[in-house]
$ cat entry-v3.txt   # compact mmCIF, C-alpha atoms
# COMPACT_ATOMS: atom_id res chain seq x y z
CA MET A 1 212.15 113.94 -14.89
CA PRO A 2 212.18 114.66 -11.17
CA VAL A 3 214.70 112.79 -9.08
CA ARG A 4 212.73 110.31 -7.02
CA HIS A 5 214.49 109.27 -3.84
CA GLU A 6 212.19 106.30 -3.38
CA SER A 7 213.72 104.64 -6.44
CA THR A 8 217.05 104.42 -4.60
CA ALA A 9 215.44 102.66 -1.67
CA HIS A 10 213.72 100.31 -4.10
CA GLY A 11 217.04 99.57 -5.75
CA GLU A 12 218.59 98.71 -2.40
CA ALA A 13 215.73 96.34 -1.68
CA ILE A 14 216.32 94.60 -5.02
CA LEU A 15 220.00 94.22 -4.22
CA SER A 16 219.24 92.67 -0.85
CA ARG A 17 216.89 90.12 -2.44
CA HIS A 18 219.07 89.36 -5.45
CA ASN A 19 222.67 89.27 -4.34
CA GLY A 20 223.66 87.50 -7.53
CA THR A 21 223.00 90.64 -9.59
CA ALA A 22 224.72 93.06 -7.23
CA SER A 23 227.98 93.27 -9.16
CA LEU A 24 226.22 93.84 -12.49
CA LEU A 25 224.08 96.59 -11.02
CA PHE A 26 227.13 98.19 -9.46
CA VAL A 27 228.92 98.28 -12.83
CA PHE A 28 225.78 99.72 -14.47
CA VAL A 29 225.46 102.48 -11.86
CA LEU A 30 229.17 103.25 -12.12
CA LEU A 31 228.91 103.62 -15.90
CA CYS A 32 225.87 105.87 -15.53
CA GLY A 33 227.76 108.06 -13.13
CA LEU A 34 230.57 108.42 -15.63
CA LEU A 35 228.38 109.06 -18.64
CA LEU A 36 225.64 111.27 -17.23
CA PRO A 37 226.14 114.88 -16.09
CA SER A 38 225.73 115.82 -12.47
CA ALA A 39 222.26 117.04 -11.52
CA GLN A 40 223.79 120.32 -10.39
CA THR A 41 225.49 120.98 -13.74
CA LEU A 42 222.61 120.27 -16.12
CA SER A 43 222.12 123.12 -18.55
CA PHE A 44 218.66 124.54 -19.17
CA ALA A 45 218.55 123.10 -22.67
CA ALA A 46 220.59 120.04 -23.57
CA THR A 47 221.23 121.42 -27.05
CA SER A 48 222.25 124.89 -25.94
CA PRO A 49 225.86 125.99 -26.44
CA ALA A 50 228.19 126.11 -23.47
CA THR A 51 228.02 129.31 -21.45
CA GLU A 52 229.59 130.68 -18.29
CA THR A 53 226.55 129.69 -16.28
CA GLU A 54 227.64 128.24 -12.94
CA ARG A 55 224.29 126.75 -12.08
CA ILE A 56 220.92 126.90 -13.81
CA CYS A 57 218.08 124.72 -12.72
CA GLU A 58 214.47 123.79 -12.44
CA ALA A 59 213.23 121.99 -9.35
CA GLU A 60 214.04 118.54 -10.72
CA GLN A 61 217.61 119.57 -11.53
CA LEU A 62 218.69 120.50 -8.01
CA PRO A 63 217.33 117.82 -5.67
CA ARG A 64 219.10 119.31 -2.65
CA LEU A 65 216.89 122.42 -2.91
CA VAL A 66 213.57 120.64 -3.49
CA GLY A 67 211.24 121.57 -0.65
CA LYS A 68 213.35 124.64 0.13
CA VAL A 69 212.19 126.63 -2.88
CA VAL A 70 208.89 127.22 -4.64
CA ASN A 71 207.59 124.41 -6.81
CA VAL A 72 207.04 124.66 -10.55
CA GLY A 73 203.27 124.97 -11.08
CA GLU A 74 202.72 126.47 -7.63
CA ARG A 75 200.75 129.70 -7.21
CA LEU A 76 203.16 132.18 -5.70
CA PRO A 77 202.53 134.02 -2.42
CA ARG A 78 200.83 137.43 -2.29
CA THR A 79 203.24 138.77 0.30
CA ARG A 80 203.29 142.50 1.05
CA VAL A 81 206.53 144.32 0.24
CA PHE A 82 207.69 147.92 0.43
CA VAL A 83 207.87 149.48 -3.06
CA LYS A 84 210.73 151.98 -3.15
CA ALA A 85 209.42 154.05 -6.05
CA ASP A 86 206.30 155.32 -4.28
CA GLY A 87 207.05 154.48 -0.66
CA THR A 88 204.00 152.26 -0.23
CA THR A 89 203.43 148.69 0.85
CA LYS A 90 201.73 146.50 -1.73
CA ARG A 91 201.06 142.85 -2.41
CA ILE A 92 203.85 141.57 -4.61
CA SER A 93 201.36 139.85 -6.91
CA THR A 94 199.86 143.23 -7.90
CA LEU A 95 203.12 144.71 -9.19
CA SER A 96 202.93 143.17 -12.66
CA GLU A 97 200.39 143.28 -15.46
CA THR A 98 202.57 141.61 -18.10
CA PRO A 99 202.40 137.99 -19.37
CA LEU A 100 205.62 137.14 -17.51
CA THR A 101 207.16 138.33 -14.26
CA LEU A 102 210.71 137.68 -13.14
CA TYR A 103 211.22 137.88 -9.37
CA VAL A 104 214.86 138.51 -8.46
CA PHE A 105 215.87 137.95 -4.82
CA TRP A 106 219.26 139.40 -3.88
CA LYS A 107 221.36 140.79 -1.03
CA THR A 108 223.79 143.67 -0.85
CA ASP A 109 226.57 141.46 0.59
CA CYS A 110 226.31 138.91 -2.25
CA PRO A 111 228.85 139.67 -5.02
CA VAL A 112 227.16 137.26 -7.43
CA CYS A 113 223.83 139.02 -6.85
CA LEU A 114 225.34 142.38 -7.69
CA LYS A 115 226.84 140.92 -10.86
CA GLU A 116 223.47 139.49 -11.89
CA LEU A 117 221.73 142.83 -11.32
CA ARG A 118 224.02 144.40 -13.91
CA LEU A 119 222.63 142.01 -16.53
CA LEU A 120 219.02 143.08 -16.12
CA PRO A 121 219.16 145.99 -18.61
CA VAL A 122 219.83 143.38 -21.32
CA LEU A 123 216.55 141.65 -20.43
CA ARG A 124 214.72 144.95 -20.42
CA GLU A 125 216.09 145.90 -23.83
CA ARG A 126 215.26 142.47 -25.27
CA PHE A 127 211.69 142.10 -23.94
CA GLY A 128 210.58 145.67 -23.28
CA THR A 129 207.92 146.50 -20.72
CA ASP A 130 204.95 144.85 -22.42
CA LEU A 131 206.09 141.24 -22.11
CA LEU A 132 208.16 141.09 -18.94
CA THR A 133 208.08 142.79 -15.54
CA ILE A 134 211.15 142.39 -13.33
CA VAL A 135 210.55 142.64 -9.59
CA SER A 136 213.66 142.84 -7.40
CA VAL A 137 213.42 141.96 -3.71
CA THR A 138 216.06 142.46 -1.05
CA PRO A 139 216.21 143.01 2.71
CA TRP A 140 216.17 146.63 3.79
CA TYR A 141 219.38 148.49 2.97
CA GLU A 142 220.72 152.03 2.88
CA GLU A 143 221.41 153.18 -0.66
CA LYS A 144 224.15 155.55 0.49
CA ALA A 145 225.99 152.71 2.24
CA LEU A 146 225.79 150.43 -0.81
CA LYS A 147 227.03 153.22 -3.06
CA ALA A 148 230.02 153.75 -0.77
CA GLN A 149 230.65 150.00 -0.65
CA LEU A 150 230.73 149.58 -4.43
CA GLY A 151 232.25 152.83 -5.61
CA GLY A 152 231.08 155.08 -8.41
CA ALA A 153 231.25 152.99 -11.59
CA ALA A 154 230.09 149.72 -10.02
CA TRP A 155 227.26 151.46 -8.23
CA ARG A 156 226.06 153.09 -11.44
CA GLU A 157 225.88 149.67 -13.13
CA VAL A 158 223.96 148.15 -10.23
CA ALA A 159 221.66 151.17 -10.07
CA ALA A 160 221.00 150.84 -13.81
CA GLY A 161 220.02 147.22 -13.27
CA LEU A 162 217.72 148.05 -10.38
CA GLY A 163 216.24 150.82 -12.49
CA THR A 164 214.80 148.21 -14.84
CA THR A 165 212.90 146.59 -11.97
CA VAL A 166 210.07 147.31 -9.59
CA GLU A 167 212.43 147.60 -6.64
CA CYS A 168 211.02 146.18 -3.41
CA LEU A 169 212.35 145.96 0.13
CA ASP A 170 211.50 143.00 2.31
CA ALA A 171 211.51 144.92 5.57
CA ASP A 172 210.37 142.11 7.88
CA GLY A 173 211.66 139.08 5.98
CA SER A 174 208.18 137.85 5.11
CA ALA A 175 208.91 137.59 1.38
CA VAL A 176 212.05 135.57 2.01
CA TYR A 177 210.01 133.25 4.25
CA ASP A 178 206.97 132.96 1.99
CA PHE A 179 208.98 132.42 -1.20
CA ARG A 180 211.27 129.95 0.61
CA VAL A 181 214.45 131.76 -0.34
CA SER A 182 217.30 129.54 0.81
CA THR A 183 220.01 130.91 -1.48
CA VAL A 184 220.70 134.06 -3.49
CA PRO A 185 220.65 135.11 -6.22
CA TYR A 186 217.34 133.34 -6.67
CA MET A 187 215.03 134.08 -9.60
CA ILE A 188 211.49 132.91 -10.22
CA LEU A 189 209.67 133.28 -13.53
CA ALA A 190 205.89 133.48 -13.17
CA ASP A 191 203.00 133.71 -15.62
CA ALA A 192 200.10 136.18 -15.63
CA ASP A 193 198.33 134.10 -12.97
CA ASN A 194 201.39 134.41 -10.70
CA THR A 195 202.16 130.71 -11.07
CA CYS A 196 205.77 129.56 -10.98
CA LEU A 197 206.99 128.48 -14.42
CA THR A 198 210.61 127.83 -13.47
CA TRP A 199 213.34 129.12 -11.15
CA THR A 200 217.11 129.50 -11.05
CA ALA A 201 219.55 129.54 -8.15
CA GLY A 202 223.05 130.96 -8.32
CA ALA A 203 224.82 132.74 -11.15
CA VAL A 204 223.14 132.56 -14.56
CA ALA A 205 224.60 133.73 -17.85
CA ILE A 206 222.56 136.38 -19.63
CA GLU A 207 222.22 134.11 -22.67
CA ASP A 208 220.46 131.55 -20.51
CA LEU A 209 218.19 134.13 -18.89
CA VAL A 210 217.09 135.31 -22.32
CA ARG A 211 216.50 131.72 -23.42
CA ILE A 212 214.42 130.96 -20.32
CA VAL A 213 212.14 133.95 -20.86
CA GLU A 214 211.80 133.20 -24.56
CA LYS A 215 210.79 129.64 -23.80
CA PHE A 216 207.79 130.78 -21.78
CA LEU A 217 206.62 133.72 -23.88
CA PRO A 218 202.95 133.35 -24.88
CA ARG A 219 202.55 132.15 -28.45

$ encode --input "entry-v3.txt" --output "structure tokens"
Amino acid sequence: MPVRHESTAHGEAILSRHNGTASLLFVFVLLCGLLLPSAQTLSFAATSPATETERICEAEQLPRLVGKVVNVGERLPRTRVFVKADGTTKRISTLSETPLTLYVFWKTDCPVCLKELRLLPVLRERFGTDLLTIVSVTPWYEEKALKAQLGGAAWREVAAGLGTTVECLDADGSAVYDFRVSTVPYMILADADNTCLTWTAGAVAIEDLVRIVEKFLPR
């Protein structure tokens, strides 16, 4: 359930009107804090095994980002981006014809982003090209400079990951603005109507990425 900030204010009002119950409520809240996991460490599925995921979330699981990211159920923007493969500018919503689309926002100076890109071939192998389209979006960069920055082997792994995507460059920052990208890596899973199904922020283990996509596959 979404975290509702108004409930906190309501609780404070109750405390002010009923001072006699303040200590009991305090003990209850303290116990909840000890027993319940932090909102930022909730796993995608409560029954899933532990993974190396640092942070995996839907909007209700990271309250500090609510309002700074797209909302689940929201129709995503139709921003124009530069498509590297053919050197044209297209609306991002036209780049996929599959039931699911994974938008991956990243930056060249983000080590976690580069690590996540190397996982994308696993998604491609698992779901093929008929079920899932992966669209990668980053600010404009020079491929030669990134190759020199990473070195041969690391660059080949990153390039292999990008090769599984429709690689797009956000030349003027409009995609970052329209999609409300406040942190990277930032991934959004959308349906065939380009509606947000869920999103993740930060590093995500490949097992969790697979599980997320599987959850939303059409039955």

$ closest_residue --input "entry-v3.txt" --among "A:Val69, A:Leu95, A:Val158, A:Ala145" --to "Arg118 (chain A)" --atoms "all atoms listed in the file"
A:Val158

$ atom_distance --input "entry-v3.txt" --atom1 "CA of Glu143 (chain A)" --atom2 "CA of Ile206 (chain A)"
25.4 Å

$ atom_distance --input "entry-v3.txt" --atom1 "CA of Thr165 (chain A)" --atom2 "CA of Phe105 (chain A)"
11.6 Å

$ residues_near_point --input "entry-v3.txt" --point "(220.9, 129.7, 1.0)" --cutoff "12 Å" --atoms "only C-alpha atoms" --output "number ranges by chain"
A: 64-65, 68-69, 105-107, 110, 176-177, 180-186, 201-202

$ decode --input "entry-v3.txt" --residues "region 131-160 of chain A" --atoms "N, CA and C atoms" --output "compact mmCIF listing (two decimals), in the first residue's frame"
# COMPACT_ATOMS: atom_id res chain seq x y z
N LEU A 131 8.67 -10.65 -27.00
CA LEU A 131 7.95 -10.30 -25.78
C LEU A 131 8.42 -8.98 -25.17
N LEU A 132 9.70 -8.68 -25.34
CA LEU A 132 10.28 -7.53 -24.64
C LEU A 132 11.20 -6.72 -25.55
N THR A 133 10.97 -5.42 -25.58
CA THR A 133 11.89 -4.48 -26.23
C THR A 133 12.59 -3.69 -25.14
N ILE A 134 13.90 -3.56 -25.25
CA ILE A 134 14.68 -2.78 -24.29
C ILE A 134 15.14 -1.50 -24.98
N VAL A 135 14.79 -0.37 -24.41
CA VAL A 135 15.16 0.93 -24.97
C VAL A 135 16.11 1.60 -23.97
N SER A 136 17.34 1.83 -24.38
CA SER A 136 18.30 2.50 -23.50
C SER A 136 18.38 3.98 -23.86
N VAL A 137 18.46 4.82 -22.84
CA VAL A 137 18.47 6.28 -23.05
C VAL A 137 19.56 6.89 -22.20
N THR A 138 20.41 7.68 -22.82
CA THR A 138 21.49 8.35 -22.10
C THR A 138 21.75 9.71 -22.74
N PRO A 139 22.33 10.66 -21.98
CA PRO A 139 22.75 11.90 -22.62
C PRO A 139 23.78 11.61 -23.72
N TRP A 140 23.97 12.55 -24.58
CA TRP A 140 24.89 12.39 -25.70
C TRP A 140 26.30 12.07 -25.19
N TYR A 141 26.95 11.10 -25.82
CA TYR A 141 28.32 10.76 -25.44
C TYR A 141 29.08 10.31 -26.68
N GLU A 142 30.40 10.35 -26.57
CA GLU A 142 31.27 9.90 -27.64
C GLU A 142 31.70 8.46 -27.36
N GLU A 143 31.35 7.57 -28.27
CA GLU A 143 31.65 6.15 -28.08
C GLU A 143 33.14 5.91 -27.90
N LYS A 144 33.97 6.62 -28.66
CA LYS A 144 35.41 6.44 -28.57
C LYS A 144 35.92 6.80 -27.18
N ALA A 145 35.36 7.86 -26.59
CA ALA A 145 35.79 8.29 -25.26
C ALA A 145 35.39 7.27 -24.20
N LEU A 146 34.17 6.70 -24.33
CA LEU A 146 33.73 5.71 -23.36
C LEU A 146 34.55 4.43 -23.48
N LYS A 147 34.89 4.07 -24.68
CA LYS A 147 35.71 2.88 -24.90
C LYS A 147 37.08 3.05 -24.26
N ALA A 148 37.65 4.24 -24.39
CA ALA A 148 38.95 4.52 -23.78
C ALA A 148 38.84 4.54 -22.26
N GLN A 149 37.73 5.04 -21.76
CA GLN A 149 37.50 5.12 -20.31
C GLN A 149 37.41 3.74 -19.68
N LEU A 150 36.74 2.81 -20.35
CA LEU A 150 36.48 1.49 -19.77
C LEU A 150 37.59 0.48 -20.05
N GLY A 151 38.22 0.60 -21.19
CA GLY A 151 39.19 -0.42 -21.59
C GLY A 151 38.52 -1.51 -22.40
N GLY A 152 39.30 -2.33 -23.04
CA GLY A 152 38.81 -3.30 -24.01
C GLY A 152 37.74 -4.25 -23.52
N ALA A 153 38.05 -5.05 -22.49
CA ALA A 153 37.12 -6.09 -22.05
C ALA A 153 35.83 -5.50 -21.49
N ALA A 154 35.96 -4.49 -20.63
CA ALA A 154 34.78 -3.87 -20.03
C ALA A 154 33.92 -3.20 -21.09
N TRP A 155 34.56 -2.56 -22.04
CA TRP A 155 33.80 -1.92 -23.11
C TRP A 155 33.03 -2.95 -23.93
N ARG A 156 33.65 -4.08 -24.22
CA ARG A 156 32.97 -5.10 -25.01
C ARG A 156 31.71 -5.61 -24.29
N GLU A 157 31.79 -5.74 -22.96
CA GLU A 157 30.62 -6.18 -22.20
C GLU A 157 29.51 -5.14 -22.23
N VAL A 158 29.89 -3.87 -22.06
CA VAL A 158 28.90 -2.79 -22.11
C VAL A 158 28.29 -2.70 -23.50
N ALA A 159 29.14 -2.80 -24.51
CA ALA A 159 28.66 -2.73 -25.90
C ALA A 159 27.70 -3.88 -26.19
N ALA A 160 27.99 -5.06 -25.64
CA ALA A 160 27.10 -6.21 -25.84
C ALA A 160 25.74 -5.94 -25.21
